[in-house]
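Peer 1: Take this structure, written in structure tokens, and hold onto it; I'll ask about it next.
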Amino acid sequence: MVVAGKVFRLVEALPLEEIAARLEGFKSEEPFEEGNYKFTLVTEIVNLLAKPKEKSVTGVYSHDYVIRVFHRGKIVPLPRTIEAVFCFTLRDDKVFLTVVEKKRTANFVANKLSEILFEKVGGIVEARIPPETLRDFHLKNPEDTKITFFDNVDIPNVDKLSLYGPDLVNTSLFEDYCKRGDLWYIVARSREYGYVVGITRDASVTIFNLTDKTKYLEYVTKEVYPLILG
């Protein structure tokens, strides 16, 4: 019961209609041949849907790749497919992209979508949440903060600091750690949704008690985008 994803932003805020037009019908095929094994690896955009009232465009990035497994004394190539749900959303003249996949895959998909939209990598970049914003957001609901991590620590030979426990934000250690480093990762329970959520400064968001990707996107839109916008 875990849904993970990451939020990105477009360097150039393309109109959603143009984003949909550039993605519509995208498909590429690549032949793969290794010994007696032959595959056609397909990458395509499917289930594309524009939602004008929500100011969003959703879809699925479907991508074939090859893994190698050991089978009866041989290394055998096998095709696999990832299907990553994505959502472009317009907020305050900025366009965000949320990819509902673990961080490494989300980064890969974001770069591939950048290549489709801008013909280069770099048109879609990481969204960032300032440590002060992350801290202030969760101090509004301190009793539900369970885990915090800090980086950029100014203590020699100490790279990271962490605190665990239901009362951590009420301790003097929390305030001291905020002075010693930058809040990087926090796990807390959302008061409105009841989700247990982990958020990092690079806008990676994990909901630990959820399986519905549509509800995940709803949560990110309402509670994470405002953190990025500041």
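Letters A, B, ... mark the chains of the structure tokens in the order given; residue numbers begin at 1 per chain; ligand numbers begin at 1, in order shown.
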Write out as a ChimeraX atom specification which residues come within 12 Å of A:Lys38 when counting only C-alpha atoms, dropping same-chain ones fewer than 2 positions away.
Peer 2: /A:30-36,40-41,66,76-79
Peer 1: At a cut-off of 7 Å, using only C-alpha atoms, what residues contact A:Gly181? Leave out same-chain residues fewer than 5 positions from it and give the result as a list of chain:residue names.
Peer 2: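 Using only C-alpha atoms, the neighbours found are A:Phe150, A:Asp151, A:Asn152, A:Val153, A:Asp154.
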Peer 1: If you keep C-alpha atoms, can you produce a file of those selected residues as a PDB file, in the first residue's frame?
Peer 2:
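Output saved as selection_31.pdb:
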ATOM      1  CA  PHE A 150      18.434  17.078   7.885  1.00  0.00           C
ATOM      2  CA  ASP A 151      21.335  17.579   5.483  1.00  0.00           C
ATOM      3  CA  ASN A 152      23.912  20.358   4.914  1.00  0.00           C
ATOM      4  CA  VAL A 153      24.833  19.950   8.568  1.00  0.00           C
ATOM      5  CA  ASP A 154      27.436  22.403   9.882  1.00  0.00           C
TER       6      ASP A 154
END
Peer 1: I want to know what sits within 12 Å of A:Gly194, based on only C-alpha atoms, with residues of the same chain fewer than 4 positions away left out; could you give that as a compact mmCIF listing (two decimals) with C-alpha atoms, in the first residue's frame?
Peer 2:
# COMPACT_ATOMS: atom_id res chain seq x y z
CA ASP A 144 1.55 14.23 13.36
CA ALA A 188 3.87 13.09 8.68
CA ARG A 189 0.19 12.29 8.69
CA SER A 190 -1.98 14.62 6.65
CA ILE A 207 2.11 8.04 0.43
CA PHE A 208 2.50 4.96 2.58
CA ASN A 209 -1.16 4.05 3.10
CA LEU A 210 -2.62 4.49 -0.38
CA TYR A 219 -3.26 15.06 -2.83
Peer 1: Going by DSSP on the backbone, which bits of stretch 97-193 of chain A are alpha helix (DSSP H)? Write them as a count of residues only, please.
Peer 2: 34
Peer 1: Excluding same-chain residues fewer than 3 positions from stretch 51-63 of chain A, what lies within 7 Å of it counting only C-alpha atoms, as an NGL selection string?
Peer 2: :A and (16 or 20 or 42-48 or 81-90)
Peer 1: Can you list, as a list in words, every protein, DNA or RNA residue that comes within 10 Å of A:Val100 when you count only C-alpha atoms, leaving out same-chain residues fewer than 5 positions away?
Peer 2: Val3, Ala4, Gly5, Lys6, Val7, Val60, Glu83, Ala84, Val85, Phe86, Cys87, Thr105, Ala106, Val109, Ser204, Val205, Thr206, Lys213, Thr214, Tyr216 and Leu217 of chain A
Peer 1: Just the selected residues (N, CA and C atoms), exported as a PDB file, in the first residue's frame, please.
Peer 2:
ATOM      1  N   VAL A   3       2.238   4.419  -2.704  1.00  0.00           N
ATOM      2  CA  VAL A   3       2.297   5.080  -4.012  1.00  0.00           C
ATOM      3  C   VAL A   3       3.371   6.152  -3.938  1.00  0.00           C
ATOM      4  N   ALA A   4       4.328   6.070  -4.868  1.00  0.00           N
ATOM      5  CA  ALA A   4       5.431   7.031  -4.899  1.00  0.00           C
ATOM      6  C   ALA A   4       5.398   7.825  -6.189  1.00  0.00           C
ATOM      7  N   GLY A   5       5.929   9.031  -6.124  1.00  0.00           N
ATOM      8  CA  GLY A   5       5.997   9.864  -7.309  1.00  0.00           C
ATOM      9  C   GLY A   5       6.909  11.048  -7.073  1.00  0.00           C
ATOM     10  N   LYS A   6       7.014  11.890  -8.077  1.00  0.00           N
ATOM     11  CA  LYS A   6       7.877  13.055  -7.974  1.00  0.00           C
ATOM     12  C   LYS A   6       7.309  14.179  -8.825  1.00  0.00           C
ATOM     13  N   VAL A   7       7.477  15.399  -8.339  1.00  0.00           N
ATOM     14  CA  VAL A   7       6.972  16.580  -9.041  1.00  0.00           C
ATOM     15  C   VAL A   7       8.123  17.296  -9.733  1.00  0.00           C
ATOM     16  N   VAL A  60      -0.395   8.129 -19.765  1.00  0.00           N
ATOM     17  CA  VAL A  60       0.486   7.048 -19.326  1.00  0.00           C
ATOM     18  C   VAL A  60       1.658   6.958 -20.297  1.00  0.00           C
ATOM     19  N   GLU A  83       4.681   1.305 -17.082  1.00  0.00           N
ATOM     20  CA  GLU A  83       3.595   2.204 -17.445  1.00  0.00           C
ATOM     21  C   GLU A  83       3.465   3.242 -16.340  1.00  0.00           C
ATOM     22  N   ALA A  84       3.970   4.431 -16.609  1.00  0.00           N
ATOM     23  CA  ALA A  84       4.023   5.486 -15.599  1.00  0.00           C
ATOM     24  C   ALA A  84       2.915   6.506 -15.856  1.00  0.00           C
ATOM     25  N   VAL A  85       2.045   6.666 -14.881  1.00  0.00           N
ATOM     26  CA  VAL A  85       1.010   7.698 -14.949  1.00  0.00           C
ATOM     27  C   VAL A  85       1.668   9.068 -14.764  1.00  0.00           C
ATOM     28  N   PHE A  86       1.270  10.021 -15.597  1.00  0.00           N
ATOM     29  CA  PHE A  86       1.802  11.378 -15.455  1.00  0.00           C
ATOM     30  C   PHE A  86       0.672  12.387 -15.546  1.00  0.00           C
ATOM     31  N   CYS A  87       0.948  13.573 -15.012  1.00  0.00           N
ATOM     32  CA  CYS A  87      -0.049  14.643 -15.044  1.00  0.00           C
ATOM     33  C   CYS A  87       0.651  15.986 -15.165  1.00  0.00           C
ATOM     34  N   THR A 105      12.762   6.021 -11.750  1.00  0.00           N
ATOM     35  CA  THR A 105      11.918   5.903 -12.943  1.00  0.00           C
ATOM     36  C   THR A 105      11.258   7.228 -13.274  1.00  0.00           C
ATOM     37  N   ALA A 106      10.819   7.963 -12.256  1.00  0.00           N
ATOM     38  CA  ALA A 106      10.199   9.264 -12.490  1.00  0.00           C
ATOM     39  C   ALA A 106      11.160  10.217 -13.190  1.00  0.00           C
ATOM     40  N   VAL A 109      11.388   9.148 -16.860  1.00  0.00           N
ATOM     41  CA  VAL A 109      10.201   9.530 -17.624  1.00  0.00           C
ATOM     42  C   VAL A 109      10.170  11.033 -17.865  1.00  0.00           C
ATOM     43  N   SER A 204       9.959  14.747  -4.122  1.00  0.00           N
ATOM     44  CA  SER A 204       9.587  13.341  -4.175  1.00  0.00           C
ATOM     45  C   SER A 204       8.557  13.118  -3.077  1.00  0.00           C
ATOM     46  N   VAL A 205       7.446  12.501  -3.445  1.00  0.00           N
ATOM     47  CA  VAL A 205       6.334  12.345  -2.507  1.00  0.00           C
ATOM     48  C   VAL A 205       5.918  10.881  -2.458  1.00  0.00           C
ATOM     49  N   THR A 206       5.913  10.309  -1.269  1.00  0.00           N
ATOM     50  CA  THR A 206       5.487   8.928  -1.076  1.00  0.00           C
ATOM     51  C   THR A 206       4.336   8.898  -0.089  1.00  0.00           C
ATOM     52  N   LYS A 213      -3.815   5.817  -7.564  1.00  0.00           N
ATOM     53  CA  LYS A 213      -2.957   6.841  -8.164  1.00  0.00           C
ATOM     54  C   LYS A 213      -3.715   8.135  -8.445  1.00  0.00           C
ATOM     55  N   THR A 214      -4.997   8.042  -8.717  1.00  0.00           N
ATOM     56  CA  THR A 214      -5.800   9.248  -8.933  1.00  0.00           C
ATOM     57  C   THR A 214      -5.881  10.072  -7.659  1.00  0.00           C
ATOM     58  N   TYR A 216      -3.705   9.957  -5.306  1.00  0.00           N
ATOM     59  CA  TYR A 216      -2.348  10.470  -5.097  1.00  0.00           C
ATOM     60  C   TYR A 216      -2.180  11.809  -5.817  1.00  0.00           C
ATOM     61  N   LEU A 217      -2.604  11.878  -7.070  1.00  0.00           N
ATOM     62  CA  LEU A 217      -2.478  13.120  -7.839  1.00  0.00           C
ATOM     63  C   LEU A 217      -3.313  14.235  -7.205  1.00  0.00           C
TER      64      LEU A 217
END
Peer 1: Between atom CA of A:Ile199 and atom CA of A:Lys112, what is the distance, to one decimal in Å?
Peer 2: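 Interatomic distance, atom CA of A:Ile199 to atom CA of A:Lys112: 23.8 Å.
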Peer 1: To one decimal place in Å, what is the distance between atom CA of A:Cys178 and atom CA of A:Leu227?
Peer 2: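 Rounded to one decimal, the two atoms are 18.1 Å apart.
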Peer 1: Measuring atom to atom with only C-alpha atoms, identify which of A:Val11, A:Val95, A:Val125, A:Ala21 is nearest to A:Phe108.
Peer 2: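 Ranking A:Val11, A:Val95, A:Val125, A:Ala21 by distance to A:Phe108, first place goes to A:Val125.
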Peer 1: Measuring between only C-alpha atoms, which one of A:Val2, A:Leu49, A:Ile116, A:Val196 shows the shortest distance to A:Leu23?
Peer 2: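 Smallest separation from A:Leu23 among the options: A:Ile116.
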